[in-house]
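Colleague: Structure file upload-v2.txt, compact mmCIF, C-alpha atoms, is pasted below:
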# COMPACT_ATOMS: atom_id res chain seq x y z
CA MET A 29 123.07 53.79 -46.35
CA SER A 30 120.68 53.19 -43.55
CA GLY A 31 118.66 55.97 -42.08
CA GLY A 32 115.35 56.79 -40.57
CA GLY A 33 113.81 54.48 -38.05
CA GLY A 34 112.90 57.17 -35.51
CA THR A 35 116.42 58.25 -34.51
CA GLY A 36 116.01 62.00 -35.00
CA ALA A 37 115.92 64.05 -38.17
CA ASP A 38 116.66 62.16 -41.38
CA ARG A 39 118.57 64.72 -43.48
CA PRO A 40 118.46 62.85 -46.82
CA VAL A 41 114.67 62.56 -46.54
CA ILE A 42 114.41 66.27 -45.74
CA VAL A 43 116.55 67.09 -48.80
CA ILE A 44 114.32 64.92 -51.02
CA GLY A 45 111.22 66.66 -49.65
CA ALA A 46 112.79 70.07 -50.22
CA GLY A 47 113.65 68.99 -53.77
CA LEU A 48 110.01 68.03 -54.39
CA ILE A 49 108.91 71.42 -53.10
CA ALA A 50 111.42 73.15 -55.41
CA VAL A 51 110.15 71.17 -58.41
CA ALA A 52 106.57 72.09 -57.42
CA VAL A 53 107.46 75.77 -57.42
CA ILE A 54 109.16 75.50 -60.83
CA VAL A 55 106.23 73.59 -62.35
CA PHE A 56 103.76 76.14 -60.96
CA TRP A 57 105.85 79.06 -62.20
CA GLN A 58 106.26 77.59 -65.69
CA SER A 59 102.57 76.65 -65.87
CA TRP A 60 101.60 80.22 -65.19
CA ALA A 61 102.96 81.14 -68.64
CA LEU A 62 100.53 78.76 -70.40
CA ARG A 63 97.91 81.16 -71.67
CA ALA A 64 96.38 79.23 -74.58
CA SER A 65 92.65 78.72 -74.38
CA PHE A 66 90.16 76.60 -76.20
CA GLY A 67 87.11 78.71 -76.91
CA SER A 68 85.08 79.61 -73.86
CA GLN A 69 86.47 76.88 -71.63
CA THR A 70 87.18 77.92 -68.08
CA LEU A 71 89.78 75.18 -67.65
CA GLY A 72 92.76 75.59 -69.92
CA PRO A 73 96.11 73.90 -70.39
CA GLN A 74 97.25 75.19 -67.00
CA MET A 75 94.96 72.90 -65.04
CA MET A 76 97.03 69.68 -65.06
CA PRO A 77 100.42 71.32 -64.39
CA PHE A 78 98.83 73.26 -61.53
CA LEU A 79 97.39 70.04 -60.11
CA VAL A 80 100.77 68.31 -60.47
CA SER A 81 102.50 71.22 -58.73
CA LEU A 82 100.02 71.13 -55.86
CA LEU A 83 100.50 67.38 -55.42
CA LEU A 84 104.29 67.77 -55.55
CA LEU A 85 104.03 70.50 -52.93
CA LEU A 86 101.84 68.33 -50.70
CA PHE A 87 104.07 65.26 -50.99
CA GLY A 88 107.19 67.39 -50.55
CA ALA A 89 105.80 68.90 -47.35
CA LEU A 90 104.77 65.48 -46.01
CA THR A 91 108.21 64.11 -46.83
CA VAL A 92 109.95 66.99 -45.04
CA ILE A 93 107.72 66.48 -41.99
CA ALA A 94 108.42 62.74 -41.94
CA GLY A 95 112.14 63.42 -42.32
CA TRP A 96 112.09 66.00 -39.57
CA LYS A 97 110.34 63.57 -37.22
CA GLY A 98 112.64 60.71 -38.27
CA THR A 99 109.67 58.45 -39.03
CA PHE A 100 110.94 57.07 -42.35
CA PRO A 101 111.73 53.34 -42.25
CA THR A 102 115.33 52.17 -42.33
CA ARG A 103 116.61 52.03 -45.90
CA ASP A 104 118.37 49.11 -47.54
CA GLU A 105 121.81 49.44 -49.07
CA ALA A 106 121.86 50.91 -52.57
CA ASP A 107 121.99 48.45 -55.47
CA TRP A 108 124.22 50.33 -57.91
CA THR A 109 123.98 47.61 -60.55
CA SER A 110 120.23 48.19 -60.79
CA VAL A 111 120.77 51.94 -60.91
CA ALA A 112 123.23 51.42 -63.77
CA TRP A 113 120.73 49.27 -65.73
CA ILE A 114 118.00 51.92 -65.40
CA THR A 115 120.37 54.79 -66.17
CA GLY A 116 121.73 52.92 -69.18
CA GLY A 117 118.21 52.21 -70.39
CA LEU A 118 117.34 55.90 -70.15
CA ALA A 119 120.50 56.84 -72.03
CA VAL A 120 119.74 54.32 -74.79
CA MET A 121 116.19 55.64 -75.03
CA ILE A 122 117.40 59.22 -75.37
CA LEU A 123 119.89 58.19 -78.05
CA LEU A 124 117.44 56.07 -80.06
CA ILE A 125 114.08 57.82 -79.77
CA LYS A 126 114.61 60.21 -82.70
CA THR A 127 116.14 57.65 -85.04
CA ALA A 128 114.55 54.31 -84.14
CA GLY A 129 111.33 55.83 -82.84
CA PHE A 130 109.20 55.76 -79.72
CA VAL A 131 108.28 52.06 -79.68
CA PRO A 132 111.77 50.49 -79.91
CA ALA A 133 113.27 53.06 -77.55
CA CYS A 134 110.58 52.42 -74.93
CA ALA A 135 110.86 48.65 -75.43
CA LEU A 136 114.57 48.79 -74.60
CA LEU A 137 113.96 51.04 -71.61
CA PHE A 138 111.33 48.61 -70.32
CA ALA A 139 113.68 45.65 -70.79
CA SER A 140 116.57 47.36 -69.01
CA THR A 141 114.32 48.39 -66.13
CA ALA A 142 112.96 44.84 -65.87
CA ARG A 143 116.57 43.63 -65.76
CA ALA A 144 117.28 46.08 -62.96
CA PHE A 145 114.43 44.48 -61.01
CA GLY A 146 115.83 41.00 -61.55
CA SER A 147 114.29 39.71 -64.78
CA ARG A 148 116.53 37.46 -66.88
CA ARG A 149 114.14 37.15 -69.86
CA ALA A 150 115.49 39.89 -72.14
CA LEU A 151 113.58 38.89 -75.28
CA VAL A 152 110.29 38.53 -73.43
CA ASP A 153 110.85 41.88 -71.72
CA VAL A 154 111.60 43.63 -75.03
CA CYS A 155 108.40 42.16 -76.51
CA ILE A 156 106.29 43.20 -73.52
CA GLY A 157 107.84 46.68 -73.55
CA GLY A 158 107.27 46.97 -77.29
CA ALA A 159 103.63 45.94 -76.99
CA MET A 160 103.01 48.43 -74.18
CA ALA A 161 104.82 51.19 -76.07
CA ALA A 162 102.78 50.46 -79.21
CA VAL A 163 99.54 50.82 -77.26
CA VAL A 164 100.74 54.11 -75.75
CA TYR A 165 101.91 55.31 -79.18
CA LEU A 166 98.58 54.49 -80.82
CA PHE A 167 96.63 56.11 -77.98
CA PHE A 168 98.55 59.37 -78.15
CA VAL A 169 98.95 59.57 -81.92
CA ARG A 170 95.71 58.08 -83.24
CA LEU A 171 93.20 58.91 -80.50
CA LEU A 172 94.56 62.14 -79.04
CA GLY A 173 96.17 63.43 -82.24
CA LEU A 174 99.47 64.23 -80.54
CA SER A 175 102.85 63.57 -82.09
CA LEU A 176 105.50 61.26 -80.70
CA PRO A 177 108.89 60.49 -82.25
CA SER A 178 108.39 58.11 -85.16
CA GLY A 179 110.87 55.62 -86.53
CA PHE A 180 110.74 52.57 -88.73
CA THR A 181 108.29 50.61 -86.55
CA GLU A 182 105.76 53.41 -86.19
CA SER A 183 105.26 53.44 -89.98
CA TRP A 184 103.54 50.04 -89.53
CA PHE A 185 100.70 51.75 -87.66
Rewrite the coordinates I just gave you, this time as structure tokens.

Modeller:
Amino acid sequence: MSGGGGTGADRPVIVIGAGLIAVAVIVFWQSWALRASFGSQTLGPQMMPFLVSLLLLLFGALTVIAGWKGTFPTRDEADWTSVAWITGGLAVMILLIKTAGFVPACALLFASTARAFGSRRALVDVCIGGAMAAVVYLFFVRLLGLSLPSGFTESWF
């Protein structure tokens, strides 16, 4: 799976850049429908999605240009075991988030991603992921007043 390295156009890189541009267009289009306002504010809920779409468009265009020029560095072989750990972690998170809650689901996702990057300390990784997820949960729920999926552990907060 090597590519790039200045040997002409790098088609996979061009496809990734085109994908980023397509996502940018979709985000911009969907953001246009956000018409809620907060009093007399000039900046509404559209601002961040518009900014994200502009950044996606910029990075997509830069990626396409780099792919067209063939200036991307040579890629390493794919590590499908790591991809499987991350994909499995995402699947477990999706399955558990509504029943177990945000914190345990994110803790397991963190641990599986750490495993994909070579960590062999599963219990430590679950604890670190749980602590980080708890901070995120408290920030969004308590400080910002937003709702995240709650399970048995979130009732402790």

Colleague: Given the choices A:Ala106, A:Val80, A:Ile42, A:Phe145, which gets closest to A:Ile54 if the distance is worked out from all atoms listed in the file?

Modeller: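 Using all atoms listed in the file, the shortest distance to A:Ile54 belongs to A:Val80.
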
Colleague: Please list as a ChimeraX atom specification every residue within 7 Å of stretch 150-159 of chain A, counting all atoms listed in the file and excluding residues in the same chain fewer than 3 positions away.

Modeller: /A:131-132,134-136,138-139,142,162-163

Colleague: Could the residues in this selection be saved with C-alpha atoms as a PDB file, in the coordinates of the input?

Modeller:
ATOM      1  CA  VAL A 131     108.280  52.060 -79.680  1.00  0.00           C
ATOM      2  CA  PRO A 132     111.770  50.490 -79.910  1.00  0.00           C
ATOM      3  CA  CYS A 134     110.580  52.420 -74.930  1.00  0.00           C
ATOM      4  CA  ALA A 135     110.860  48.650 -75.430  1.00  0.00           C
ATOM      5  CA  LEU A 136     114.570  48.790 -74.600  1.00  0.00           C
ATOM      6  CA  PHE A 138     111.330  48.610 -70.320  1.00  0.00           C
ATOM      7  CA  ALA A 139     113.680  45.650 -70.790  1.00  0.00           C
ATOM      8  CA  ALA A 142     112.960  44.840 -65.870  1.00  0.00           C
ATOM      9  CA  ALA A 162     102.780  50.460 -79.210  1.00  0.00           C
ATOM     10  CA  VAL A 163      99.540  50.820 -77.260  1.00  0.00           C
TER      11      VAL A 163
END

Colleague: For A:Pro177, which residue out of A:Ile122, A:Met76, A:Ala37, A:Leu82 is the nearest one, using all atoms listed in the file?

Modeller: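 Nearest candidate to A:Pro177 out of A:Ile122, A:Met76, A:Ala37, A:Leu82: A:Ile122.
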
Colleague: To one decimal place in Å, what is the distance between atom CA of A:Ala119 and atom CA of A:Val51?

Modeller: 22.3 Å

Colleague: Between atom CA of A:Trp60 and atom CA of A:Pro77, what is the distance in Å, rounded to a tenth?

Modeller: 9.0 Å

Colleague: Would you compute the distance between atom CA of A:Phe56 and atom CA of A:Val43? Give it in Å to one decimal.

Modeller: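 According to the coordinates, atom CA of A:Phe56 and atom CA of A:Val43 are separated by 19.8 Å.
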
Colleague: Between A:Leu166, A:Ala133, A:Val41, A:Leu174, single out the one closest to A:Ile93, counting all atoms listed in the file.

Modeller: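 Closest to A:Ile93, using all atoms listed in the file: A:Val41.
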
Colleague: At a cut-off of 9 Å, using all atoms listed in the file, what residues contact A:Thr141? Leave out same-chain residues fewer than 6 positions from it and give the result as an mmCIF file with C-alpha atoms, in the frame of the given file.

Modeller:
data_model
loop_
_atom_site.group_PDB
_atom_site.id
_atom_site.type_symbol
_atom_site.label_atom_id
_atom_site.label_comp_id
_atom_site.auth_asym_id
_atom_site.auth_seq_id
_atom_site.Cartn_x
_atom_site.Cartn_y
_atom_site.Cartn_z
ATOM 1 C CA SER A 110 120.230 48.190 -60.790
ATOM 2 C CA TRP A 113 120.730 49.270 -65.730
ATOM 3 C CA ILE A 114 118.000 51.920 -65.400
ATOM 4 C CA THR A 115 120.370 54.790 -66.170
ATOM 5 C CA GLY A 117 118.210 52.210 -70.390
ATOM 6 C CA SER A 147 114.290 39.710 -64.780
#

Colleague: For A:Ala128, which residue out of A:Val92, A:Met160, A:Leu86, A:Leu176 is the nearest one, using all atoms listed in the file?

Modeller: A:Leu176

Colleague: Go through A:Leu137, A:Arg149, A:Ala61, A:Gly173 and flag the residue nearest A:Ala161, using only C-alpha atoms for the distances.

Modeller: A:Leu137

Colleague: Kindly indicate which residue among A:Leu118, A:Leu84, A:Gly179, A:Tyr165 lies nearest to A:Ile49, using all atoms listed in the file for the distances.

Modeller: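 When distances to A:Ile49 are compared using all atoms listed in the file, the smallest one comes from A:Leu84.
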